[in-house]
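Student: Dropping a structure here in structure tokens format, bear with me for questions.
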Amino acid sequence: MQKLALLLFMAALSACGGGGGADNTGTGATNPVRSLQDKLQGVWQQRGYGVTVRVSGSSVERFDTTSQTCFLTEKTDLDELAGLQLSEDESTFAIRPTELDFAEHYYKTDSLPAPCDNPVQNNSVDIYQHVWHSFNEYYAFFQERNVDWLAQRDLTRDLVNDATSDARLFEVLSTLILPLDDEHVFLDAGEQYFDPARSKGFLLQLVDEFNAQKEVADVNQYVNLELQKWDLVTREYYLDGAAASAADEAFLWGKITDRIGYLRMDAMILNLTQRIEGQVKTVEGILDKIMTQMADTQGMIVDLRLNGGGADPVAFAIARRFADTERLVVSKFTRTVEGEGPRQDMYLGPVDRPSYLKPVVVITSKFSTSAAEVFTLAMRAWPQVTHIGEATNGSLSDVLEKPLPNGWLIGLANEVYLDGEGNGFEASGIPPHIPVPVFRLEERRAGRDSALEAALELLESAAGLPRQEGLHTD
């Protein structure tokens with residue numbers, strides 16, 4: 001089934017990867033890394049990612065590699081390596097633009113991998129081989145997704161030869177990755193784009209509704225119309241027409257009663273062309289305003305039901321505003337054909353800015369994806385937080401993007417995320433403490449939202465407050 005676009009709300013987001021990687025793009029201040037230039041000369045490997053870099057003078061060459069394939073993907077300058085730190089023994093360096101990023105680690109090696117002596121060429125056979133080996137060696141979740149990758153090779157390998165056209169190659173590669181029901185797997189050919197993730201939860205419910213009606217002819221139009229109705233109910237009824245917003249309405253907030261606040265976040269990224277440091281700074285300013293306005297409430301609802309993801313540092317910047325003390329909130333490591341990489345831990349603690357330590361209810365849906373899920377893990381570490389709604393999507397890993405020689409791009413998931421207790425939720429999604437249906441048809445028709453009202457009831461009960469009159473409670 002074609003994945004729904006949610007055109008009204010999500011535009012071009014579609015569950016971007018977390019932390020570093022593709023989210024750290026754009027222009028910014030020059031990094032004073034030139035002082036390390038002499039010590040950085042040579043070849044360095046980012047293990048678990050299939051990336052090798054060669055530094056020659058101030059030039060940096062980036063190679064994508066597998067055990068069988070290699071090709072040069074990018075040439076850049078040392079000044080572009082923001083946040084680089086060299087180890088004392090000069091055997092490794094790490095790139096960590098902010099304290100809220102996980103670091104990218106590179107290890108000194110003697111030479112480029114052997115396949116770089118015979119690099120991948122721009123032909124269908126070489127491209128197919130590079131794609132298959134990239135997934136085979138770096139994709140982490142064949143078992144969780146119940147995919148036999150060797151069988152996929154047997155199904156598709158003989159469909160590609162030297163005469164295979166681009167159109168046919170796109171079809172074959174799409175067939176290759178088809179069983180991977182993962183929001184972080186894709187094939188981008190410019191004018192054509194394919195991802196194998198299927199609609200889940202309320203999106204699947206909306207498709208069923210569309211198929212049962214005859215008034216609206218296009219499924220995306222139907223979905224957007226229904227979500228517009230829900231959005232209007234939230235703004236006009238529950239928030240009494242007094243909602244505030246920021247960042248092109250990625251943040252929407254107000255008070256449902258004079259005692260209970262509401263914060264909806266539809267993205268964990270604000271600007272795809274801005275460095276992550278700038279985005280975190282912008283979000284911090286927005287949060288100062290929100291937390292100050294929520295200071296006189298007794299509880300807060302945090303709504304992530306339409307949050308398709310973004311950047312981990314943004315998610316962590318928000319989550320730490322709810323921190324009571326420093327805690328381990330998230331860990332991650334790579335899982336490849338060679339085994340598991342070193343674990344990186346993220347600890348978050350209180351910050352000297354407006355924060356919120358009163359009871360909080362987080363609402364998620366099957367659309368809550370990637371950095372929204374990382375945020376959910378972090379929030380669940382705080383004792384005052386209750387999680388309700390649907391389980392999240394189950395696509396927590398960052399996207400590992402790999403260019404192809406013909407200008408195409410593939411994405412795959414190579415990182416395992418864990419909560420503070422060591423539990424992983426890839427494919428299954430993060431189960432709520434209290435399951436509550438979201439976006440049910442009968443509620444939209446009646447102008448109500450049972451998930452939001454369940455959150456309201458939990459918070460008023462926790463605060464020992466009487467139920468607010470005037471809201472739908474029957």
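Naming scheme: A, B, ... for chains in displayed order of the structure tokens; residues 1 onward per chain; ligands 1 onward as shown.
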Could you name the residues that touch A:Ser87 at 12 Å or less, counting only C-alpha atoms, but leaving out those on the same chain fewer than 2 positions away, as a PDB file with C-alpha atoms, in the first residue's frame?

Tutor:
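Output below, filename part_33.pdb:
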```pdb
ATOM      1  CA  LEU A  36      45.067  19.856  13.289  1.00  0.00           C
ATOM      2  CA  LYS A  39      47.930  15.339  12.364  1.00  0.00           C
ATOM      3  CA  LEU A  40      44.869  14.405  10.308  1.00  0.00           C
ATOM      4  CA  LEU A  84      36.153  17.692  15.299  1.00  0.00           C
ATOM      5  CA  GLN A  85      38.225  16.478  18.258  1.00  0.00           C
ATOM      6  CA  ASP A  89      47.199   9.355  20.876  1.00  0.00           C
ATOM      7  CA  GLU A  90      46.067  10.721  17.489  1.00  0.00           C
ATOM      8  CA  SER A  91      44.588   7.340  16.515  1.00  0.00           C
ATOM      9  CA  THR A  92      40.954   8.473  16.385  1.00  0.00           C
ATOM     10  CA  PHE A  93      38.942  11.608  15.897  1.00  0.00           C
ATOM     11  CA  ALA A  94      35.332  12.362  16.724  1.00  0.00           C
ATOM     12  CA  ILE A  95      32.884  14.825  15.212  1.00  0.00           C
ATOM     13  CA  HIS A 105      34.061   8.259  15.454  1.00  0.00           C
ATOM     14  CA  TYR A 106      36.805   7.738  12.872  1.00  0.00           C
ATOM     15  CA  TYR A 107      39.774   5.398  13.323  1.00  0.00           C
ATOM     16  CA  LYS A 108      43.201   5.765  11.703  1.00  0.00           C
TER      17      LYS A 108
END
```

Student: A:Ser56: which residues within 7 Å, counting only C-alpha atoms, same-chain residues fewer than 4 positions away excluded, as a PyMOL selection string?

Tutor: chain A and resi 41-42+60

Student: Could you write those residues out with N, CA and C atoms, as a compact mmCIF listing (two decimals), in the first residue's frame?

Tutor:
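The result, written out as again.txt:
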```
# COMPACT_ATOMS: atom_id res chain seq x y z
N GLN A 41 46.40 13.97 8.47
CA GLN A 41 46.74 13.42 7.16
C GLN A 41 46.63 11.89 7.17
N GLY A 42 46.10 11.34 6.07
CA GLY A 42 46.00 9.89 5.96
C GLY A 42 44.57 9.41 5.82
N VAL A 60 39.51 16.71 1.84
CA VAL A 60 38.95 15.49 2.43
C VAL A 60 38.16 14.76 1.36
```

Student: Please provide as a ChimeraX atom specification all residues within 7 Å of A:Gly50, with the sequence filter that same-chain residues fewer than 3 positions apart are discarded (counting only C-alpha atoms).

Tutor: /A:46-47,64-66

Student: Can you list every residue in stretch 54-248 of chain A that DSSP puts in strand (DSSP E), as a PyMOL selection string?

Tutor: chain A and resi 54-56+59-65+70-77+84-86+92-95+104-109+186-188+193-194+244-246

Student: What are the closest atom pairs, with distances in Å to one decimal, for each residue of stretch 361-458 of chain A lying within 9 Å of stretch 250-267 of chain A, using only C-alpha atoms, rows by chain and rising residue number, as CSV?

Tutor:
```
residue,atom,partner,partner_atom,distance
A:Ser368,CA,A:Asp266,CA,8.9
A:Ala371,CA,A:Ala267,CA,8.6
A:Ala372,CA,A:Ala267,CA,7.6
A:Leu456,CA,A:Ile260,CA,7.3
```

Student: Residues of stretch 363-456 of chain A that approach stretch 171-182 of chain A to 12 Å or less, counting only C-alpha atoms: could you list each one with the shortest pair of atoms and its distance in Å to one decimal, rows by chain and increasing residue number, as JSON lines?

Tutor:
```
{"residue": "A:Thr369", "atom": "CA", "partner": "A:Asp182", "partner_atom": "CA", "distance": 10.3}
{"residue": "A:Ser370", "atom": "CA", "partner": "A:Asp182", "partner_atom": "CA", "distance": 10.5}
{"residue": "A:Asn393", "atom": "CA", "partner": "A:Asp182", "partner_atom": "CA", "distance": 9.0}
{"residue": "A:Gly394", "atom": "CA", "partner": "A:Asp182", "partner_atom": "CA", "distance": 8.0}
{"residue": "A:Ser395", "atom": "CA", "partner": "A:Asp182", "partner_atom": "CA", "distance": 6.2}
{"residue": "A:Leu396", "atom": "CA", "partner": "A:Asp182", "partner_atom": "CA", "distance": 9.6}
{"residue": "A:Ser397", "atom": "CA", "partner": "A:Asp182", "partner_atom": "CA", "distance": 9.9}
{"residue": "A:Asp398", "atom": "CA", "partner": "A:Asp182", "partner_atom": "CA", "distance": 11.5}
{"residue": "A:Val399", "atom": "CA", "partner": "A:Asp182", "partner_atom": "CA", "distance": 10.4}
{"residue": "A:Trp408", "atom": "CA", "partner": "A:Leu173", "partner_atom": "CA", "distance": 11.4}
{"residue": "A:Leu409", "atom": "CA", "partner": "A:Leu173", "partner_atom": "CA", "distance": 11.5}
{"residue": "A:Ile410", "atom": "CA", "partner": "A:Leu173", "partner_atom": "CA", "distance": 9.8}
{"residue": "A:Gly411", "atom": "CA", "partner": "A:Asp182", "partner_atom": "CA", "distance": 10.2}
{"residue": "A:Leu412", "atom": "CA", "partner": "A:Asp182", "partner_atom": "CA", "distance": 8.5}
{"residue": "A:Ala413", "atom": "CA", "partner": "A:Asp182", "partner_atom": "CA", "distance": 8.2}
{"residue": "A:Asn414", "atom": "CA", "partner": "A:Asp182", "partner_atom": "CA", "distance": 11.6}
{"residue": "A:Glu426", "atom": "CA", "partner": "A:Asp182", "partner_atom": "CA", "distance": 9.2}
{"residue": "A:Ala427", "atom": "CA", "partner": "A:Asp182", "partner_atom": "CA", "distance": 7.5}
{"residue": "A:Ser428", "atom": "CA", "partner": "A:Asp182", "partner_atom": "CA", "distance": 10.9}
{"residue": "A:Gly429", "atom": "CA", "partner": "A:Asp182", "partner_atom": "CA", "distance": 11.4}
```

Student: Hey, which of A:Phe102, A:Phe322, A:Trp382, A:Phe375 ends up closest to A:Arg353? Count only C-alpha atoms.

Tutor: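 Ranked by minimum distance to A:Arg353, first place goes to A:Phe322.
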
Student: Just the residues within 8 Å of A:Val330, please, counting only C-alpha atoms, with nothing from its chain fewer than 6 positions along; format it as a CSV table (one decimal) with C-alpha atoms, in the first residue's frame.

Tutor:
```
chain,number,residue,atom,x,y,z
A,345,ASP,CA,25.1,6.8,26.0
A,346,MET,CA,23.1,10.0,26.2
A,347,TYR,CA,22.6,11.5,29.6
A,374,VAL,CA,13.9,9.1,20.5
A,377,LEU,CA,12.3,7.3,25.0
A,378,ALA,CA,13.9,10.3,26.8
A,417,TYR,CA,18.5,2.6,19.9
A,418,LEU,CA,17.8,1.5,23.5
A,419,ASP,CA,16.0,3.2,26.4
A,420,GLY,CA,17.7,3.8,29.7
```

Student: From the DSSP assignment of the backbone, select every residue of stretch 258-470 of chain A that is alpha helix (DSSP H), and format the answer as a PDB file with N, CA and C atoms, in the first residue's frame.

Tutor:
```pdb
ATOM      1  N   ILE A 276      22.660  22.080  12.691  1.00  0.00           N
ATOM      2  CA  ILE A 276      21.868  21.668  13.840  1.00  0.00           C
ATOM      3  C   ILE A 276      22.077  22.584  15.039  1.00  0.00           C
ATOM      4  N   GLU A 277      23.279  23.183  15.170  1.00  0.00           N
ATOM      5  CA  GLU A 277      23.520  24.093  16.281  1.00  0.00           C
ATOM      6  C   GLU A 277      22.539  25.261  16.252  1.00  0.00           C
ATOM      7  N   GLY A 278      22.295  25.793  15.048  1.00  0.00           N
ATOM      8  CA  GLY A 278      21.365  26.905  14.907  1.00  0.00           C
ATOM      9  C   GLY A 278      19.938  26.500  15.199  1.00  0.00           C
ATOM     10  N   GLN A 279      19.573  25.294  14.801  1.00  0.00           N
ATOM     11  CA  GLN A 279      18.220  24.824  15.067  1.00  0.00           C
ATOM     12  C   GLN A 279      17.978  24.645  16.566  1.00  0.00           C
ATOM     13  N   VAL A 280      18.965  24.078  17.257  1.00  0.00           N
ATOM     14  CA  VAL A 280      18.823  23.909  18.703  1.00  0.00           C
ATOM     15  C   VAL A 280      18.666  25.268  19.380  1.00  0.00           C
ATOM     16  N   LYS A 281      19.448  26.251  18.946  1.00  0.00           N
ATOM     17  CA  LYS A 281      19.345  27.593  19.529  1.00  0.00           C
ATOM     18  C   LYS A 281      17.951  28.171  19.312  1.00  0.00           C
ATOM     19  N   THR A 282      17.401  27.991  18.115  1.00  0.00           N
ATOM     20  CA  THR A 282      16.053  28.486  17.836  1.00  0.00           C
ATOM     21  C   THR A 282      15.022  27.794  18.716  1.00  0.00           C
ATOM     22  N   VAL A 283      15.138  26.478  18.836  1.00  0.00           N
ATOM     23  CA  VAL A 283      14.196  25.712  19.653  1.00  0.00           C
ATOM     24  C   VAL A 283      14.286  26.125  21.120  1.00  0.00           C
ATOM     25  N   GLU A 284      15.497  26.391  21.603  1.00  0.00           N
ATOM     26  CA  GLU A 284      15.643  26.813  22.997  1.00  0.00           C
ATOM     27  C   GLU A 284      14.856  28.096  23.267  1.00  0.00           C
ATOM     28  N   GLY A 285      14.889  29.023  22.318  1.00  0.00           N
ATOM     29  CA  GLY A 285      14.125  30.252  22.491  1.00  0.00           C
ATOM     30  C   GLY A 285      12.629  30.011  22.510  1.00  0.00           C
ATOM     31  N   ILE A 286      12.157  29.122  21.636  1.00  0.00           N
ATOM     32  CA  ILE A 286      10.736  28.769  21.616  1.00  0.00           C
ATOM     33  C   ILE A 286      10.335  28.115  22.933  1.00  0.00           C
ATOM     34  N   LEU A 287      11.182  27.217  23.433  1.00  0.00           N
ATOM     35  CA  LEU A 287      10.877  26.517  24.679  1.00  0.00           C
ATOM     36  C   LEU A 287      10.841  27.468  25.864  1.00  0.00           C
ATOM     37  N   ASP A 288      11.715  28.468  25.876  1.00  0.00           N
ATOM     38  CA  ASP A 288      11.676  29.458  26.958  1.00  0.00           C
ATOM     39  C   ASP A 288      10.295  30.095  27.037  1.00  0.00           C
ATOM     40  N   LYS A 289       9.759  30.450  25.889  1.00  0.00           N
ATOM     41  CA  LYS A 289       8.441  31.085  25.854  1.00  0.00           C
ATOM     42  C   LYS A 289       7.353  30.113  26.306  1.00  0.00           C
ATOM     43  N   ILE A 290       7.399  28.881  25.781  1.00  0.00           N
ATOM     44  CA  ILE A 290       6.366  27.897  26.120  1.00  0.00           C
ATOM     45  C   ILE A 290       6.390  27.579  27.611  1.00  0.00           C
ATOM     46  N   MET A 291       7.561  27.275  28.147  1.00  0.00           N
ATOM     47  CA  MET A 291       7.650  26.874  29.548  1.00  0.00           C
ATOM     48  C   MET A 291       7.264  28.012  30.486  1.00  0.00           C
ATOM     49  N   THR A 292       7.586  29.229  30.112  1.00  0.00           N
ATOM     50  CA  THR A 292       7.183  30.377  30.924  1.00  0.00           C
ATOM     51  C   THR A 292       5.667  30.508  30.950  1.00  0.00           C
ATOM     52  N   GLN A 293       5.034  30.337  29.798  1.00  0.00           N
ATOM     53  CA  GLN A 293       3.577  30.447  29.736  1.00  0.00           C
ATOM     54  C   GLN A 293       2.877  29.285  30.435  1.00  0.00           C
ATOM     55  N   ASP A 312      17.908  14.312  16.401  1.00  0.00           N
ATOM     56  CA  ASP A 312      18.040  13.935  17.806  1.00  0.00           C
ATOM     57  C   ASP A 312      18.397  15.113  18.710  1.00  0.00           C
ATOM     58  N   PRO A 313      19.349  15.987  18.343  1.00  0.00           N
ATOM     59  CA  PRO A 313      19.671  17.090  19.249  1.00  0.00           C
ATOM     60  C   PRO A 313      18.476  17.989  19.560  1.00  0.00           C
ATOM     61  N   VAL A 314      17.597  18.190  18.595  1.00  0.00           N
ATOM     62  CA  VAL A 314      16.382  18.961  18.857  1.00  0.00           C
ATOM     63  C   VAL A 314      15.506  18.212  19.854  1.00  0.00           C
ATOM     64  N   ALA A 315      15.352  16.904  19.642  1.00  0.00           N
ATOM     65  CA  ALA A 315      14.551  16.088  20.559  1.00  0.00           C
ATOM     66  C   ALA A 315      15.121  16.142  21.973  1.00  0.00           C
ATOM     67  N   PHE A 316      16.442  16.044  22.097  1.00  0.00           N
ATOM     68  CA  PHE A 316      17.061  16.064  23.419  1.00  0.00           C
ATOM     69  C   PHE A 316      16.957  17.442  24.069  1.00  0.00           C
ATOM     70  N   ALA A 317      17.071  18.507  23.260  1.00  0.00           N
ATOM     71  CA  ALA A 317      16.944  19.858  23.806  1.00  0.00           C
ATOM     72  C   ALA A 317      15.572  20.065  24.427  1.00  0.00           C
ATOM     73  N   ILE A 318      14.550  19.506  23.801  1.00  0.00           N
ATOM     74  CA  ILE A 318      13.195  19.624  24.341  1.00  0.00           C
ATOM     75  C   ILE A 318      13.032  18.741  25.567  1.00  0.00           C
ATOM     76  N   ALA A 319      13.488  17.487  25.473  1.00  0.00           N
ATOM     77  CA  ALA A 319      13.272  16.529  26.560  1.00  0.00           C
ATOM     78  C   ALA A 319      13.930  16.966  27.862  1.00  0.00           C
ATOM     79  N   ALA A 371      13.146  10.660  15.312  1.00  0.00           N
ATOM     80  CA  ALA A 371      13.501  11.529  16.428  1.00  0.00           C
ATOM     81  C   ALA A 371      12.326  11.752  17.372  1.00  0.00           C
ATOM     82  N   ALA A 372      11.087  11.625  16.882  1.00  0.00           N
ATOM     83  CA  ALA A 372       9.932  11.684  17.778  1.00  0.00           C
ATOM     84  C   ALA A 372       9.933  10.493  18.725  1.00  0.00           C
ATOM     85  N   GLU A 373      10.415   9.353  18.242  1.00  0.00           N
ATOM     86  CA  GLU A 373      10.517   8.171  19.097  1.00  0.00           C
ATOM     87  C   GLU A 373      11.676   8.304  20.076  1.00  0.00           C
ATOM     88  N   VAL A 374      12.771   8.884  19.627  1.00  0.00           N
ATOM     89  CA  VAL A 374      13.901   9.136  20.521  1.00  0.00           C
ATOM     90  C   VAL A 374      13.468  10.090  21.632  1.00  0.00           C
ATOM     91  N   PHE A 375      12.706  11.110  21.277  1.00  0.00           N
ATOM     92  CA  PHE A 375      12.152  12.022  22.277  1.00  0.00           C
ATOM     93  C   PHE A 375      11.261  11.270  23.257  1.00  0.00           C
ATOM     94  N   THR A 376      10.435  10.366  22.749  1.00  0.00           N
ATOM     95  CA  THR A 376       9.548   9.587  23.614  1.00  0.00           C
ATOM     96  C   THR A 376      10.350   8.748  24.601  1.00  0.00           C
ATOM     97  N   LEU A 377      11.426   8.106  24.126  1.00  0.00           N
ATOM     98  CA  LEU A 377      12.285   7.341  25.036  1.00  0.00           C
ATOM     99  C   LEU A 377      12.837   8.237  26.141  1.00  0.00           C
ATOM    100  N   ALA A 378      13.319   9.412  25.760  1.00  0.00           N
ATOM    101  CA  ALA A 378      13.886  10.324  26.750  1.00  0.00           C
ATOM    102  C   ALA A 378      12.827  10.774  27.752  1.00  0.00           C
ATOM    103  N   MET A 379      11.643  11.095  27.274  1.00  0.00           N
ATOM    104  CA  MET A 379      10.579  11.553  28.166  1.00  0.00           C
ATOM    105  C   MET A 379      10.158  10.461  29.146  1.00  0.00           C
ATOM    106  N   ARG A 380      10.160   9.224  28.695  1.00  0.00           N
ATOM    107  CA  ARG A 380       9.756   8.125  29.568  1.00  0.00           C
ATOM    108  C   ARG A 380      10.762   7.887  30.699  1.00  0.00           C
ATOM    109  N   LEU A 441     -13.039   7.702  13.770  1.00  0.00           N
ATOM    110  CA  LEU A 441     -13.990   8.373  12.895  1.00  0.00           C
ATOM    111  C   LEU A 441     -15.149   8.973  13.678  1.00  0.00           C
ATOM    112  N   GLU A 442     -15.736   8.187  14.573  1.00  0.00           N
ATOM    113  CA  GLU A 442     -16.901   8.684  15.303  1.00  0.00           C
ATOM    114  C   GLU A 442     -16.563   9.905  16.148  1.00  0.00           C
ATOM    115  N   GLU A 443     -15.337   9.991  16.633  1.00  0.00           N
ATOM    116  CA  GLU A 443     -14.939  11.153  17.426  1.00  0.00           C
ATOM    117  C   GLU A 443     -14.755  12.385  16.547  1.00  0.00           C
ATOM    118  N   ARG A 444     -14.157  12.187  15.385  1.00  0.00           N
ATOM    119  CA  ARG A 444     -14.009  13.321  14.472  1.00  0.00           C
ATOM    120  C   ARG A 444     -15.367  13.846  14.043  1.00  0.00           C
ATOM    121  N   ARG A 445     -16.295  12.947  13.825  1.00  0.00           N
ATOM    122  CA  ARG A 445     -17.642  13.376  13.446  1.00  0.00           C
ATOM    123  C   ARG A 445     -18.315  14.148  14.580  1.00  0.00           C
ATOM    124  N   ALA A 446     -18.011  13.758  15.820  1.00  0.00           N
ATOM    125  CA  ALA A 446     -18.634  14.397  16.978  1.00  0.00           C
ATOM    126  C   ALA A 446     -17.833  15.591  17.495  1.00  0.00           C
ATOM    127  N   SER A 450     -10.761  11.592  22.094  1.00  0.00           N
ATOM    128  CA  SER A 450     -10.733  10.794  23.323  1.00  0.00           C
ATOM    129  C   SER A 450      -9.323  10.651  23.884  1.00  0.00           C
ATOM    130  N   ALA A 451      -8.296  10.631  23.027  1.00  0.00           N
ATOM    131  CA  ALA A 451      -6.931  10.528  23.530  1.00  0.00           C
ATOM    132  C   ALA A 451      -6.559  11.780  24.313  1.00  0.00           C
ATOM    133  N   LEU A 452      -6.915  12.929  23.780  1.00  0.00           N
ATOM    134  CA  LEU A 452      -6.630  14.172  24.479  1.00  0.00           C
ATOM    135  C   LEU A 452      -7.414  14.241  25.789  1.00  0.00           C
ATOM    136  N   GLU A 453      -8.662  13.789  25.751  1.00  0.00           N
ATOM    137  CA  GLU A 453      -9.473  13.825  26.973  1.00  0.00           C
ATOM    138  C   GLU A 453      -8.973  12.820  28.002  1.00  0.00           C
ATOM    139  N   ALA A 454      -8.453  11.677  27.550  1.00  0.00           N
ATOM    140  CA  ALA A 454      -7.861  10.720  28.487  1.00  0.00           C
ATOM    141  C   ALA A 454      -6.639  11.330  29.161  1.00  0.00           C
ATOM    142  N   ALA A 455      -5.835  12.054  28.385  1.00  0.00           N
ATOM    143  CA  ALA A 455      -4.672  12.729  28.952  1.00  0.00           C
ATOM    144  C   ALA A 455      -5.101  13.786  29.965  1.00  0.00           C
ATOM    145  N   LEU A 456      -6.135  14.531  29.625  1.00  0.00           N
ATOM    146  CA  LEU A 456      -6.651  15.566  30.519  1.00  0.00           C
ATOM    147  C   LEU A 456      -7.127  14.962  31.835  1.00  0.00           C
ATOM    148  N   GLU A 457      -7.843  13.854  31.740  1.00  0.00           N
ATOM    149  CA  GLU A 457      -8.352  13.201  32.950  1.00  0.00           C
ATOM    150  C   GLU A 457      -7.211  12.695  33.829  1.00  0.00           C
ATOM    151  N   LEU A 458      -6.186  12.111  33.216  1.00  0.00           N
ATOM    152  CA  LEU A 458      -5.033  11.633  33.980  1.00  0.00           C
ATOM    153  C   LEU A 458      -4.341  12.773  34.719  1.00  0.00           C
ATOM    154  N   LEU A 459      -4.177  13.894  34.048  1.00  0.00           N
ATOM    155  CA  LEU A 459      -3.473  15.016  34.656  1.00  0.00           C
ATOM    156  C   LEU A 459      -4.289  15.658  35.768  1.00  0.00           C
ATOM    157  N   GLU A 460      -5.574  15.813  35.552  1.00  0.00           N
ATOM    158  CA  GLU A 460      -6.402  16.410  36.601  1.00  0.00           C
ATOM    159  C   GLU A 460      -6.483  15.497  37.815  1.00  0.00           C
ATOM    160  N   SER A 461      -6.494  14.193  37.571  1.00  0.00           N
ATOM    161  CA  SER A 461      -6.486  13.247  38.685  1.00  0.00           C
ATOM    162  C   SER A 461      -5.167  13.318  39.448  1.00  0.00           C
ATOM    163  N   ALA A 462      -4.050  13.391  38.721  1.00  0.00           N
ATOM    164  CA  ALA A 462      -2.737  13.463  39.362  1.00  0.00           C
ATOM    165  C   ALA A 462      -2.588  14.725  40.203  1.00  0.00           C
TER     166      ALA A 462
END
```

Student: Restricting the calculation to only C-alpha atoms, which member of A:Gly83, A:Pro113, A:Gly422, A:Pro405 is positioned closest to A:Val131?

Tutor: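 Among the listed residues, A:Pro405 lies closest to A:Val131.
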
Student: In terms of the shortest atom-to-atom distance over only C-alpha atoms, which of A:Asp148, A:Ser199, A:Val55, A:Ile363 is closest to A:Ser111?

Tutor: A:Val55

Student: Suppose you want the space between atom CA of A:Gly201 and atom CA of A:His433; what is it in Å?

Tutor: 16.9 Å

Student: Go through A:Leu81, A:Tyr139, A:Val125, A:Asp188 one by one, measure the shortest atom-to-atom distance of each to A:Asp162 using only C-alpha atoms, and give the residue with the smallest value.

Tutor: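 Nearest to A:Asp162: A:Val125.
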
Student: Would you compute the distance between atom CA of A:Phe367 and atom CA of A:Leu306? Give it in Å to one decimal.

Tutor: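 Taking atom CA of A:Phe367 and atom CA of A:Leu306, their separation equals 6.0 Å.
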
Student: Give me, please, the distance in Å between atom CA of A:Phe170 and atom CA of A:Asn220, quoted to one decimal.

Tutor: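 Separation between atom CA of A:Phe170 and atom CA of A:Asn220: 24.5 Å.
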